[in-house]
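To be precise, the following lines are run.pdb, and they hold PDB, C-alpha atoms and all ligand atoms.
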```
ATOM      1  CA  MET A   1      -8.209  15.303  27.472
ATOM      2  CA  SER A   2     -11.184  13.687  25.785
ATOM      3  CA  SER A   3     -11.926  16.563  23.430
ATOM      4  CA  PHE A   4     -11.519  16.040  19.717
ATOM      5  CA  PRO A   5      -8.195  17.543  18.501
ATOM      6  CA  GLU A   6      -8.684  21.237  17.787
ATOM      7  CA  PHE A   7      -6.397  21.282  14.756
ATOM      8  CA  LEU A   8      -8.418  18.500  13.132
ATOM      9  CA  ILE A   9     -11.634  20.449  13.645
ATOM     10  CA  ASP A  10      -9.994  23.389  11.858
ATOM     11  CA  ARG A  11      -8.682  21.160   9.063
ATOM     12  CA  PHE A  12     -12.077  19.553   8.618
ATOM     13  CA  ARG A  13     -13.744  22.960   8.259
ATOM     14  CA  ARG A  14     -11.104  23.891   5.699
ATOM     15  CA  PHE A  15     -11.842  20.661   3.782
ATOM     16  CA  LYS A  16     -15.565  21.379   3.903
ATOM     17  CA  HIS A  17     -15.211  24.892   2.465
ATOM     18  CA  ARG A  18     -12.373  24.409   0.024
ATOM     19  CA  HIS A  19     -12.973  20.878  -1.179
ATOM     20  CA  PHE A  20     -16.381  19.486  -0.350
ATOM     21  CA  VAL A  21     -18.573  22.469  -1.216
ATOM     22  CA  PRO A  22     -16.978  23.079  -4.654
ATOM     23  CA  ASN A  23     -17.313  19.335  -5.428
ATOM     24  CA  ALA A  24     -20.699  18.768  -3.784
ATOM     25  CA  ASP A  25     -22.279  17.509  -7.040
ATOM     26  CA  GLN A  26     -19.604  14.845  -7.390
ATOM     27  CA  TYR A  27     -20.071  13.704  -3.788
ATOM     28  CA  GLU A  28     -23.833  13.528  -4.275
ATOM     29  CA  GLU A  29     -23.379  11.425  -7.406
ATOM     30  CA  LEU A  30     -20.954   9.087  -5.603
ATOM     31  CA  ALA A  31     -23.384   8.750  -2.712
ATOM     32  CA  ARG A  32     -26.280   7.964  -5.056
ATOM     33  CA  TYR A  33     -24.580   5.595  -7.501
ATOM     34  CA  GLY A  34     -21.749   4.175  -5.368
ATOM     35  CA  GLN A  35     -18.055   3.978  -6.029
ATOM     36  CA  SER A  36     -16.377   2.560  -9.132
ATOM     37  CA  PRO A  37     -12.638   3.192  -8.728
ATOM     38  CA  GLU A  38     -10.381   1.814 -11.454
ATOM     39  CA  VAL A  39      -7.351   1.589  -9.189
ATOM     40  CA  MET A  40      -6.553  -0.213  -5.960
ATOM     41  CA  VAL A  41      -3.474   0.850  -4.005
ATOM     42  CA  ILE A  42      -1.867  -1.170  -1.237
ATOM     43  CA  SER A  43       0.464   1.110   0.677
ATOM     44  CA  CYS A  44       2.099   1.629   4.063
ATOM     45  CA  CYS A  45       0.463   3.220   7.118
ATOM     46  CA  ASP A  46       3.343   5.698   7.215
ATOM     47  CA  SER A  47       1.961   9.235   7.538
ATOM     48  CA  ARG A  48       4.361  10.541   4.876
ATOM     49  CA  VAL A  49       3.194   8.371   1.993
ATOM     50  CA  ASP A  50      -0.517   8.962   1.527
ATOM     51  CA  PRO A  51      -1.498   7.575  -1.926
ATOM     52  CA  GLU A  52      -4.376  10.028  -2.359
ATOM     53  CA  THR A  53      -2.000  12.950  -1.848
ATOM     54  CA  ILE A  54       0.738  11.492  -4.073
ATOM     55  CA  PHE A  55      -1.695  10.809  -6.942
ATOM     56  CA  THR A  56      -3.813  13.934  -6.251
ATOM     57  CA  ALA A  57      -6.853  11.674  -6.170
ATOM     58  CA  MET A  58     -10.449  12.821  -6.102
ATOM     59  CA  PRO A  59     -13.086  10.958  -4.037
ATOM     60  CA  GLY A  60     -14.082   7.687  -5.672
ATOM     61  CA  GLU A  61     -10.842   7.288  -7.642
ATOM     62  CA  LEU A  62      -8.620   5.114  -5.442
ATOM     63  CA  PHE A  63      -9.544   2.057  -3.395
ATOM     64  CA  VAL A  64      -6.822   2.052  -0.728
ATOM     65  CA  VAL A  65      -5.598  -0.472   1.801
ATOM     66  CA  ARG A  66      -2.840   0.604   4.132
ATOM     67  CA  ASN A  67      -0.900  -1.607   6.503
ATOM     68  CA  VAL A  68       2.576  -1.721   8.024
ATOM     69  CA  ALA A  69       5.095  -2.071   5.169
ATOM     70  CA  ASN A  70       2.428  -2.450   2.434
ATOM     71  CA  LEU A  71       2.400  -6.238   2.689
ATOM     72  CA  VAL A  72       0.076  -8.716   1.031
ATOM     73  CA  PRO A  73      -0.119 -12.029   2.916
ATOM     74  CA  PRO A  74      -0.170 -15.243   0.879
ATOM     75  CA  TYR A  75      -3.579 -16.663  -0.068
ATOM     76  CA  GLU A  76      -4.986 -18.795   2.720
ATOM     77  CA  THR A  77      -8.505 -19.763   3.694
ATOM     78  CA  GLY A  78      -8.044 -20.614   7.389
ATOM     79  CA  GLY A  79     -10.387 -19.413  10.087
ATOM     80  CA  ASN A  80      -8.624 -16.147  10.856
ATOM     81  CA  TYR A  81      -9.657 -12.601  10.004
ATOM     82  CA  HIS A  82      -8.074 -11.613   6.729
ATOM     83  CA  GLY A  83      -8.459  -7.851   6.347
ATOM     84  CA  VAL A  84      -6.087  -7.386   3.424
ATOM     85  CA  SER A  85      -7.410 -10.418   1.563
ATOM     86  CA  THR A  86     -10.987  -9.201   2.053
ATOM     87  CA  ALA A  87     -10.129  -5.831   0.514
ATOM     88  CA  ILE A  88      -8.348  -7.471  -2.431
ATOM     89  CA  GLU A  89     -11.295  -9.787  -3.042
ATOM     90  CA  PHE A  90     -13.767  -6.897  -2.947
ATOM     91  CA  ALA A  91     -11.652  -4.703  -5.244
ATOM     92  CA  VAL A  92     -11.000  -7.456  -7.789
ATOM     93  CA  MET A  93     -14.308  -9.317  -7.776
ATOM     94  CA  ASN A  94     -16.863  -6.604  -6.988
ATOM     95  CA  LEU A  95     -15.317  -3.304  -8.035
ATOM     96  CA  ARG A  96     -13.418  -4.957 -10.905
ATOM     97  CA  VAL A  97     -10.476  -2.570 -10.651
ATOM     98  CA  LYS A  98      -8.243  -2.356 -13.716
ATOM     99  CA  HIS A  99      -5.004  -1.672 -11.866
ATOM    100  CA  LEU A 100      -3.628  -2.955  -8.578
ATOM    101  CA  ILE A 101      -0.600  -1.052  -7.287
ATOM    102  CA  VAL A 102       1.637  -2.117  -4.398
ATOM    103  CA  MET A 103       3.431   1.033  -3.282
ATOM    104  CA  GLY A 104       6.418   0.938  -0.922
ATOM    105  CA  HIS A 105       8.557   3.802   0.282
ATOM    106  CA  SER A 106      11.919   4.930   1.646
ATOM    107  CA  GLY A 107      12.669   4.892   5.365
ATOM    108  CA  CYS A 108       9.979   2.288   6.121
ATOM    109  CA  GLY A 109       9.909   1.510   9.861
ATOM    110  CA  GLY A 110       8.257  -1.871   9.295
ATOM    111  CA  VAL A 111      10.887  -2.983   6.802
ATOM    112  CA  LYS A 112      13.598  -1.697   9.140
ATOM    113  CA  ALA A 113      12.144  -3.918  11.891
ATOM    114  CA  ALA A 114      12.327  -6.854   9.469
ATOM    115  CA  LEU A 115      15.926  -6.067   8.565
ATOM    116  CA  ASP A 116      16.960  -5.605  12.188
ATOM    117  CA  GLN A 117      15.113  -8.564  13.682
ATOM    118  CA  ASN A 118      16.681  -8.028  17.114
ATOM    119  CA  ALA A 119      15.048  -4.624  17.500
ATOM    120  CA  ALA A 120      11.604  -6.110  17.013
ATOM    121  CA  ILE A 121      12.246  -8.931  19.462
ATOM    122  CA  GLN A 122      13.821  -6.679  22.096
ATOM    123  CA  THR A 123      10.812  -4.387  22.190
ATOM    124  CA  GLU A 124       8.529  -7.424  22.444
ATOM    125  CA  ALA A 125       6.759  -6.120  19.366
ATOM    126  CA  MET A 126       4.747  -9.296  19.009
ATOM    127  CA  PHE A 127       2.435  -8.156  16.236
ATOM    128  CA  ILE A 128       5.127  -6.335  14.261
ATOM    129  CA  SER A 129       7.665  -9.171  14.332
ATOM    130  CA  ARG A 130       5.057 -11.746  13.300
ATOM    131  CA  TRP A 131       3.686  -9.508  10.532
ATOM    132  CA  MET A 132       7.171  -8.660   9.266
ATOM    133  CA  SER A 133       8.182 -12.347   9.181
ATOM    134  CA  MET A 134       6.488 -12.294   5.768
ATOM    135  CA  LEU A 135       9.738 -10.689   4.602
ATOM    136  CA  ASP A 136      12.022 -13.429   6.010
ATOM    137  CA  ASP A 137      12.909 -14.857   2.595
ATOM    138  CA  ALA A 138      13.397 -11.398   1.074
ATOM    139  CA  ARG A 139      15.595 -10.407   4.011
ATOM    140  CA  LEU A 140      17.859 -13.452   3.595
ATOM    141  CA  LYS A 141      18.061 -12.794  -0.148
ATOM    142  CA  VAL A 142      19.150  -9.172   0.378
ATOM    143  CA  LEU A 143      21.609 -10.009   3.170
ATOM    144  CA  SER A 144      23.313 -12.796   1.229
ATOM    145  CA  ALA A 145      23.541 -10.893  -2.072
ATOM    146  CA  HIS A 146      24.615  -7.532  -0.614
ATOM    147  CA  GLN A 147      26.894  -8.354   2.318
ATOM    148  CA  MET A 148      29.141  -5.333   1.698
ATOM    149  CA  SER A 149      26.340  -2.786   1.333
ATOM    150  CA  SER A 150      25.598  -0.186   4.000
ATOM    151  CA  THR A 151      22.593  -0.561   6.299
ATOM    152  CA  ALA A 152      20.821   2.246   4.412
ATOM    153  CA  GLU A 153      21.387   0.453   1.090
ATOM    154  CA  LYS A 154      20.183  -2.858   2.518
ATOM    155  CA  LEU A 155      17.054  -1.145   3.840
ATOM    156  CA  LYS A 156      16.250   0.316   0.425
ATOM    157  CA  LEU A 157      16.891  -3.053  -1.242
ATOM    158  CA  LEU A 158      14.601  -4.816   1.236
ATOM    159  CA  GLU A 159      11.893  -2.149   0.813
ATOM    160  CA  MET A 160      11.963  -2.864  -2.937
ATOM    161  CA  GLU A 161      12.193  -6.631  -2.432
ATOM    162  CA  GLY A 162       9.183  -6.371  -0.094
ATOM    163  CA  ILE A 163       7.086  -4.879  -2.902
ATOM    164  CA  LYS A 164       8.043  -7.833  -5.108
ATOM    165  CA  THR A 165       7.173 -10.244  -2.282
ATOM    166  CA  SER A 166       3.707  -8.677  -1.964
ATOM    167  CA  ILE A 167       3.193  -8.982  -5.732
ATOM    168  CA  LYS A 168       4.299 -12.624  -5.588
ATOM    169  CA  ASN A 169       1.807 -13.226  -2.759
ATOM    170  CA  LEU A 170      -0.926 -11.404  -4.700
ATOM    171  CA  ARG A 171      -0.470 -13.939  -7.477
ATOM    172  CA  THR A 172      -1.242 -16.792  -5.060
ATOM    173  CA  PHE A 173      -4.870 -15.572  -5.022
ATOM    174  CA  PRO A 174      -6.657 -17.610  -7.733
ATOM    175  CA  PHE A 175      -9.071 -14.787  -8.614
ATOM    176  CA  VAL A 176      -6.148 -12.344  -9.005
ATOM    177  CA  THR A 177      -4.172 -14.509 -11.417
ATOM    178  CA  ASP A 178      -7.395 -15.281 -13.285
ATOM    179  CA  VAL A 179      -8.148 -11.626 -14.094
ATOM    180  CA  GLU A 180      -4.468 -10.835 -14.682
ATOM    181  CA  ASN A 181      -4.136 -13.686 -17.187
ATOM    182  CA  LYS A 182      -7.305 -12.553 -18.950
ATOM    183  CA  GLY A 183      -5.827  -9.038 -19.253
ATOM    184  CA  ARG A 184      -8.685  -7.542 -17.234
ATOM    185  CA  MET A 185      -6.380  -6.215 -14.509
ATOM    186  CA  ALA A 186      -2.705  -5.194 -14.353
ATOM    187  CA  ILE A 187      -0.467  -5.446 -11.281
ATOM    188  CA  HIS A 188       2.120  -2.734 -10.639
ATOM    189  CA  GLY A 189       4.901  -2.112  -8.132
ATOM    190  CA  ALA A 190       5.881   1.428  -7.134
ATOM    191  CA  TYR A 191       8.384   2.963  -4.736
ATOM    192  CA  PHE A 192       8.118   6.488  -3.326
ATOM    193  CA  ASP A 193      11.282   8.230  -2.140
ATOM    194  CA  ILE A 194      10.217  10.695   0.562
ATOM    195  CA  ALA A 195      13.253  13.011   0.491
ATOM    196  CA  SER A 196      13.296  13.568  -3.279
ATOM    197  CA  GLY A 197       9.585  13.031  -4.013
ATOM    198  CA  THR A 198      10.531  10.498  -6.699
ATOM    199  CA  LEU A 199       8.151   7.726  -7.714
ATOM    200  CA  SER A 200       9.789   4.688  -9.309
ATOM    201  CA  VAL A 201       7.851   1.949 -11.068
ATOM    202  CA  LEU A 202       8.717  -1.747 -11.199
ATOM    203  CA  ASN A 203       9.689  -3.297 -14.505
ATOM    204  CA  HIS A 204       8.423  -6.850 -13.944
ATOM    205  CA  SER A 205      10.688  -8.570 -16.468
ATOM    206  CA  ARG A 206      13.867  -6.895 -15.190
ATOM    207  CA  GLY A 207      12.833  -6.939 -11.548
ATOM    208  CA  GLU A 208      14.058  -3.350 -11.143
ATOM    209  CA  PHE A 209      12.493   0.017 -10.352
ATOM    210  CA  TYR A 210      12.764   2.979 -12.717
ATOM    211  CA  PRO A 211      11.928   6.605 -11.777
ATOM    212  CA  LEU A 212       9.056   8.311 -13.602
TER     213      LEU A 212
HETATM  214 ZN    ZN B   1       6.383   2.014   5.744
END
```
As a first step, turn the structure in this file into structure tokens.
Amino acid sequence: MSSFPEFLIDRFRRFKHRHFVPNADQYEELARYGQSPEVMVISCCDSRVDPETIFTAMPGELFVVRNVANLVPPYETGGNYHGVSTAIEFAVMNLRVKHLIVMGHSGCGGVKAALDQNAAIQTEAMFISRWMSMLDDARLKVLSAHQMSSTAEKLKLLEMEGIKTSIKNLRTFPFVTDVENKGRMAIHGAYFDIASGTLSVLNHSRGEFYPL
């Protein structure tokens, strides 16, 4: 049972022949001069919403961080290990990306755990429930404003509210607001609907998502 999955060996060989070899010059250039992506994407771990597939990205184009429910924690400088904050700092300060996109999606298991708090507690999902507590305020906002909505509607509303929460948290990072205010970097929210393949983009002033 310790052997590397056969199907991944096949897929890797396919990648090597169909993708790497035809683009070998580009890979060599990236290896020699380093990466300089213009876009950072913060998205969910969900296997159905890969940003590089959705944006048909080439190597070196997207700097991606994926975590459960595409969350950005608030800025804090305590003694813990801040993986997301480290990636944001590197992308903004070192790579100097021009766009930072927080991309959520439909049917998000993490957001569902936040909406249905009991499920997370019952399964003793210690890490998930603590991580998803970042959406506590958003959850209360959705539940109080949409009492009559169905569970599916509430989930979609919380998925979208979660993107706005991450953007709000992004703006607690001093170096993020600094470059945003100077016009050096723009922050975007996006929502991918898996069933229809629709990508909707957040209009910041209206606080609503509009399909592309
Ligand atoms: Zn998700």
Between A:Val111, A:Val142, A:Met93, A:Ala190, smallest distance to ligand ZN 1 (chain B) by only C-alpha atoms and all ligand atoms belongs to A:Val111
Given the file above and the PyMOL selection byres (((chain A and resi 197-203) around 12) and not hetatm), which residues are selected, and can you give them as an MDAnalysis selection string? chainID A and resid 48:49 51 53:55 101:106 160:161 163:164 167 187:196 204:212
How close does each residue of chain A get to ligand ZN 1 (chain B), giving the shortest atom pair and distance in Å to one decimal for every residue with an atom at most 8 Å away, counting all atoms listed in the file, sorted by chain and residue number, as JSON lines?
```
{"residue": "A:Ser43", "atom": "CA", "partner": "B:ZN1", "partner_atom": "ZN", "distance": 7.8}
{"residue": "A:Cys44", "atom": "CA", "partner": "B:ZN1", "partner_atom": "ZN", "distance": 4.6}
{"residue": "A:Cys45", "atom": "CA", "partner": "B:ZN1", "partner_atom": "ZN", "distance": 6.2}
{"residue": "A:Asp46", "atom": "CA", "partner": "B:ZN1", "partner_atom": "ZN", "distance": 5.0}
{"residue": "A:Val68", "atom": "CA", "partner": "B:ZN1", "partner_atom": "ZN", "distance": 5.8}
{"residue": "A:Ala69", "atom": "CA", "partner": "B:ZN1", "partner_atom": "ZN", "distance": 4.3}
{"residue": "A:Asn70", "atom": "CA", "partner": "B:ZN1", "partner_atom": "ZN", "distance": 6.8}
{"residue": "A:Gly104", "atom": "CA", "partner": "B:ZN1", "partner_atom": "ZN", "distance": 6.8}
{"residue": "A:His105", "atom": "CA", "partner": "B:ZN1", "partner_atom": "ZN", "distance": 6.1}
{"residue": "A:Ser106", "atom": "CA", "partner": "B:ZN1", "partner_atom": "ZN", "distance": 7.5}
{"residue": "A:Gly107", "atom": "CA", "partner": "B:ZN1", "partner_atom": "ZN", "distance": 6.9}
{"residue": "A:Cys108", "atom": "CA", "partner": "B:ZN1", "partner_atom": "ZN", "distance": 3.6}
{"residue": "A:Gly109", "atom": "CA", "partner": "B:ZN1", "partner_atom": "ZN", "distance": 5.4}
{"residue": "A:Gly110", "atom": "CA", "partner": "B:ZN1", "partner_atom": "ZN", "distance": 5.6}
{"residue": "A:Val111", "atom": "CA", "partner": "B:ZN1", "partner_atom": "ZN", "distance": 6.8}
```
Hits of the PyMOL selection byres (((chain A and resi 173-179) around 9) and not hetatm) in this structure, as a count of residues only: 19
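The smallest atom-to-atom distance between Leu135 of chain A and any of A:Thr165, A:Thr151, A:Gln117, A:Thr77, using only C-alpha atoms, is found for A:Thr165.
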Between atom CA of Val72 of chain A and atom CA of Gly162 of chain A, what is the distance, to one decimal in Å? 9.5 Å
Rounded to one decimal place, report the atom CA of Arg130 of chain A-atom CA of Met148 of chain A distance in Å. 27.5 Å
Using all atoms listed in the file, the residue out of A:Val84, A:Phe63, A:Asn94, A:Ser166 with shortest distance to Met134 of chain A is A:Ser166
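Proximity of A:Val39, A:Arg66, A:Met126, A:Lys154 to Val97 of chain A, computed with only C-alpha atoms, is greatest for A:Val39.
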Can you work out the spacing between atom CA of Ala152 of chain A and atom CA of Val65 of chain A in Å, to one decimal? 26.7 Å
Nearest-residue call for Val64 of chain A, choices A:Val21, A:Leu100, A:Ala114, A:Ala31, using only C-alpha atoms: A:Leu100
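Candidate residues A:Pro59, A:Glu52, A:Leu95, A:Gly83 were compared for distance to Ala24 of chain A, and the nearest is A:Pro59, using all atoms listed in the file.
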Report, as lines of an AutoDock Vina configuration file, the centre and edge lengths in Å (one decimal) of the axis-aligned box enclosing every listed atom of segment 187-199 of chain A, padded by 5 Å on each side.
```
center_x = 6.4
center_y = 4.1
center_z = -5.4
size_x = 23.8
size_y = 29.0
size_z = 21.8
```
